[in-house]
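Some notes on the structure that comes next.
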Amino acid sequence: MYKRVLLKLSGESLGGPAGKGIDETWLAKYAKEIASAVKEGLQVGIVIGGGNIFRGLQGVGKGFDRVNGDKMGMLATVINSLGLAMAIRSEGVEAEVFTATPMQPVARYYMRDDAVKVMENGGVALIAGGTGNPFFTTDSGAALRALEIKADALLKGTRVDGVYTADPEKDPTATKYDELTFDKALSDHLKVMDQTAFALCSDGNMPIIVFDMNATGNLTKLLKGEKVGTLVHK
């Protein structure tokens, strides 16, 4: 069903149950899932958050200004991307880390065509550093990169299996949407992505699939056209 996707992962997902630091078990699990989908023919670009290490907003009011706090958060995403890239390579799939601001020799400076070439050659392009600017989340970075690389969909991997009428971890009566429109998600104030990212996807007609990344095989199921998670579309 999909040839090329942009996978968005939270930094906390790499931290395992605690959501802090990098949990090697979960890192290996995600790498295996991603490598398996790539071996089946899926072209994958990845954007990872940095909240397991540092989130820019954490420092506001504690001696940090927002701009420098966000710069620290961008660097955290690079650390996560380097770790996941190594884990993916250990599964027999090439992986290259790109950064939104120049960081040679740590990683390659992001150029859209270079990242696409990596994916077309059977590798994974991890695009770190957000948009390279403060005040923008990695959700916004993921939406931007998905549009740039002409992905068929933006996949948001979470710990729940889709979008619900309310937070299913807090409200047992919450019901899941199999699919919904951008307008419906906006009017019902559903937290699919932050507003800037959501607007980018809506304006660019970029479908979003919110799914449970922790469920084994979900990426490959999406590749094969099976219904997984919640599809948000025009």
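Ordered as shown in the structure tokens, chains take letters A, B, and onward, while each chain numbers its residues from 1 and ligands are numbered from 1 in the order shown.
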### All alpha helix (DSSP H) positions in region 17-225 of chain A, as a PyMOL selection string
chain A and resi 24-39+66-89+112-120+138-148+182-187+195-203+218-223
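Once Phe54 (chain A) and its same-chain neighbours fewer than 5 positions away are set aside, Met72, Gly73 and Ala76 of chain A remain within 7 Å of it when counting only C-alpha atoms.
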Can you check which parts of region 207-233 of chain A lie within 12 Å of region 26-29 of chain A? Per residue, the shortest pair of atoms and distance in Å to one decimal, counting only C-alpha atoms, sorted by chain and number, as JSON lines.
{"residue": "A:Met213", "atom": "CA", "partner": "A:Lys29", "partner_atom": "CA", "distance": 9.9}
{"residue": "A:Asn214", "atom": "CA", "partner": "A:Lys29", "partner_atom": "CA", "distance": 8.4}
{"residue": "A:Ala215", "atom": "CA", "partner": "A:Lys29", "partner_atom": "CA", "distance": 10.1}
{"residue": "A:Thr216", "atom": "CA", "partner": "A:Lys29", "partner_atom": "CA", "distance": 8.6}
{"residue": "A:Gly217", "atom": "CA", "partner": "A:Lys29", "partner_atom": "CA", "distance": 10.7}
Just to be explicit: take each residue in the selection above, keep C-alpha atoms, and write the result as a short mmCIF file (atom, residue, chain, number, x, y, z; two decimals), in the first residue's frame.
data_model
loop_
_atom_site.label_atom_id
_atom_site.label_comp_id
_atom_site.auth_asym_id
_atom_site.auth_seq_id
_atom_site.Cartn_x
_atom_site.Cartn_y
_atom_site.Cartn_z
CA MET A 213 4.74 0.94 17.29
CA ASN A 214 5.18 -1.50 20.18
CA ALA A 215 3.03 -4.17 18.53
CA THR A 216 5.29 -6.55 16.63
CA GLY A 217 4.86 -6.52 12.85
#
#### Entry: Which residue of A:Val228, A:Ala37, A:Ala85, A:Leu42 approaches Glu120 (chain A) most closely, using only C-alpha atoms
A:Leu42
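We find CA of Val93 (chain A) and CA of Ile149 (chain A) to be spaced 19.7 Å apart.
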#### Entry: Surrounding residues of Met74 (chain A) excluding itself and chain neighbours under 6 positions, 9 Å, only C-alpha atoms, as a VMD selection string
chain A and resid 49 to 50 54 to 56 128 to 134 138
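For region 84-165 of chain A, the set of residues given strand (DSSP E or B) by DSSP on the backbone reads A:Ala95, A:Glu96, A:Val97, A:Phe98, A:Thr99, A:Arg108, A:Tyr109, A:Val124, A:Ala125, A:Leu126, A:Ile127, A:Ala128, A:Ala153, A:Leu154, A:Leu155, A:Lys156, A:Gly157, A:Thr158, A:Val163, A:Tyr164.
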Mind dumping the selected residues with all heavy atoms as a compact mmCIF listing (two decimals), in the first residue's frame?
# COMPACT_ATOMS: atom_id res chain seq x y z
N ALA A 95 21.96 2.45 7.44
CA ALA A 95 21.25 3.59 8.02
C ALA A 95 22.18 4.78 8.06
O ALA A 95 23.35 4.66 8.41
CB ALA A 95 20.76 3.25 9.42
N GLU A 96 21.67 5.95 7.70
CA GLU A 96 22.47 7.16 7.64
C GLU A 96 21.76 8.26 8.44
O GLU A 96 20.55 8.44 8.32
CB GLU A 96 22.62 7.61 6.20
CG GLU A 96 23.55 8.77 5.99
CD GLU A 96 24.98 8.35 5.70
OE1 GLU A 96 25.16 7.36 4.98
OE2 GLU A 96 25.90 9.02 6.20
N VAL A 97 22.53 8.97 9.27
CA VAL A 97 21.96 10.06 10.05
C VAL A 97 22.25 11.39 9.36
O VAL A 97 23.41 11.68 9.00
CB VAL A 97 22.53 10.09 11.49
CG1 VAL A 97 21.96 11.29 12.26
CG2 VAL A 97 22.22 8.78 12.21
N PHE A 98 21.21 12.18 9.17
CA PHE A 98 21.32 13.53 8.62
C PHE A 98 20.90 14.52 9.71
O PHE A 98 20.05 14.21 10.54
CB PHE A 98 20.39 13.69 7.41
CG PHE A 98 20.75 12.83 6.24
CD1 PHE A 98 20.25 11.53 6.13
CD2 PHE A 98 21.58 13.31 5.23
CE1 PHE A 98 20.57 10.73 5.05
CE2 PHE A 98 21.91 12.51 4.15
CZ PHE A 98 21.40 11.22 4.05
N THR A 99 21.47 15.71 9.68
CA THR A 99 21.10 16.72 10.68
C THR A 99 20.67 18.01 9.99
O THR A 99 21.17 18.35 8.91
CB THR A 99 22.28 17.03 11.62
OG1 THR A 99 23.42 17.40 10.85
CG2 THR A 99 22.62 15.81 12.47
N ARG A 108 25.75 13.61 8.53
CA ARG A 108 25.72 14.38 7.28
C ARG A 108 24.71 15.51 7.37
O ARG A 108 23.65 15.36 7.99
CB ARG A 108 25.35 13.46 6.11
CG ARG A 108 26.38 12.43 5.77
CD ARG A 108 25.87 11.46 4.70
NE ARG A 108 25.62 12.12 3.42
CZ ARG A 108 25.11 11.51 2.35
NH1 ARG A 108 24.80 10.22 2.41
NH2 ARG A 108 24.92 12.16 1.22
N TYR A 109 25.05 16.64 6.76
CA TYR A 109 24.10 17.74 6.68
C TYR A 109 22.94 17.32 5.78
O TYR A 109 23.15 16.75 4.70
CB TYR A 109 24.79 18.98 6.12
CG TYR A 109 23.89 20.18 5.96
CD1 TYR A 109 23.17 20.69 7.05
CD2 TYR A 109 23.74 20.79 4.73
CE1 TYR A 109 22.34 21.78 6.90
CE2 TYR A 109 22.90 21.89 4.57
CZ TYR A 109 22.20 22.38 5.66
OH TYR A 109 21.37 23.46 5.52
N VAL A 124 18.02 3.32 5.47
CA VAL A 124 17.10 4.15 6.26
C VAL A 124 17.75 5.52 6.47
O VAL A 124 18.92 5.60 6.85
CB VAL A 124 16.81 3.51 7.63
CG1 VAL A 124 15.93 4.43 8.48
CG2 VAL A 124 16.13 2.16 7.45
N ALA A 125 17.00 6.58 6.21
CA ALA A 125 17.48 7.94 6.44
C ALA A 125 16.88 8.48 7.74
O ALA A 125 15.67 8.64 7.84
CB ALA A 125 17.10 8.84 5.27
N LEU A 126 17.74 8.70 8.73
CA LEU A 126 17.28 9.28 10.00
C LEU A 126 17.60 10.77 9.97
O LEU A 126 18.76 11.17 9.84
CB LEU A 126 17.98 8.62 11.19
CG LEU A 126 17.66 7.13 11.37
CD1 LEU A 126 18.76 6.28 10.74
CD2 LEU A 126 17.50 6.78 12.84
N ILE A 127 16.56 11.59 10.03
CA ILE A 127 16.72 13.04 9.87
C ILE A 127 16.55 13.70 11.24
O ILE A 127 15.44 13.78 11.78
CB ILE A 127 15.71 13.59 8.85
CG1 ILE A 127 15.78 12.77 7.55
CG2 ILE A 127 16.01 15.06 8.57
CD1 ILE A 127 14.67 13.08 6.56
N ALA A 128 17.67 14.13 11.80
CA ALA A 128 17.69 14.62 13.18
C ALA A 128 17.78 16.14 13.24
O ALA A 128 17.97 16.82 12.23
CB ALA A 128 18.88 14.00 13.92
N ALA A 153 2.89 8.56 3.26
CA ALA A 153 2.17 8.80 4.51
C ALA A 153 3.17 9.13 5.61
O ALA A 153 4.35 8.74 5.54
CB ALA A 153 1.33 7.59 4.91
N LEU A 154 2.69 9.84 6.62
CA LEU A 154 3.47 10.08 7.83
C LEU A 154 2.94 9.11 8.88
O LEU A 154 1.75 9.14 9.22
CB LEU A 154 3.31 11.53 8.30
CG LEU A 154 4.27 12.02 9.38
CD1 LEU A 154 4.27 13.56 9.43
CD2 LEU A 154 3.92 11.49 10.76
N LEU A 155 3.80 8.24 9.36
CA LEU A 155 3.40 7.26 10.37
C LEU A 155 3.85 7.74 11.74
O LEU A 155 5.04 7.94 11.98
CB LEU A 155 4.03 5.89 10.09
CG LEU A 155 3.91 5.33 8.67
CD1 LEU A 155 4.53 3.94 8.61
CD2 LEU A 155 2.47 5.31 8.21
N LYS A 156 2.90 7.93 12.63
CA LYS A 156 3.25 8.36 13.99
C LYS A 156 3.15 7.16 14.93
O LYS A 156 2.06 6.71 15.28
CB LYS A 156 2.34 9.49 14.48
CG LYS A 156 2.77 10.00 15.86
CD LYS A 156 2.09 11.29 16.25
CE LYS A 156 2.62 11.76 17.61
NZ LYS A 156 2.00 13.02 18.05
N GLY A 157 4.31 6.63 15.29
CA GLY A 157 4.34 5.47 16.18
C GLY A 157 4.18 5.88 17.63
O GLY A 157 4.94 6.71 18.13
N THR A 158 3.17 5.33 18.28
CA THR A 158 2.88 5.68 19.67
C THR A 158 2.74 4.40 20.49
O THR A 158 2.99 3.30 20.01
CB THR A 158 1.58 6.49 19.78
OG1 THR A 158 0.47 5.64 19.45
CG2 THR A 158 1.60 7.69 18.83
N VAL A 163 -6.15 6.80 17.20
CA VAL A 163 -6.74 8.02 17.76
C VAL A 163 -8.08 7.67 18.39
O VAL A 163 -8.89 6.96 17.78
CB VAL A 163 -6.93 9.09 16.67
CG1 VAL A 163 -7.58 10.34 17.25
CG2 VAL A 163 -5.59 9.43 16.01
N TYR A 164 -8.30 8.18 19.60
CA TYR A 164 -9.53 7.90 20.34
C TYR A 164 -10.31 9.18 20.61
O TYR A 164 -9.77 10.29 20.48
CB TYR A 164 -9.20 7.22 21.68
CG TYR A 164 -8.83 5.76 21.56
CD1 TYR A 164 -7.60 5.37 21.07
CD2 TYR A 164 -9.73 4.76 21.94
CE1 TYR A 164 -7.26 4.02 20.96
CE2 TYR A 164 -9.39 3.41 21.84
CZ TYR A 164 -8.17 3.05 21.34
OH TYR A 164 -7.84 1.73 21.24
### Message
Counting only C-alpha atoms, which residue out of A:Asp139, A:Asp167, A:Asp212, A:Glu91 sits closest to Lys39 (chain A)?
### Response
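Distance minimum relative to Lys39 (chain A) lands on A:Glu91.
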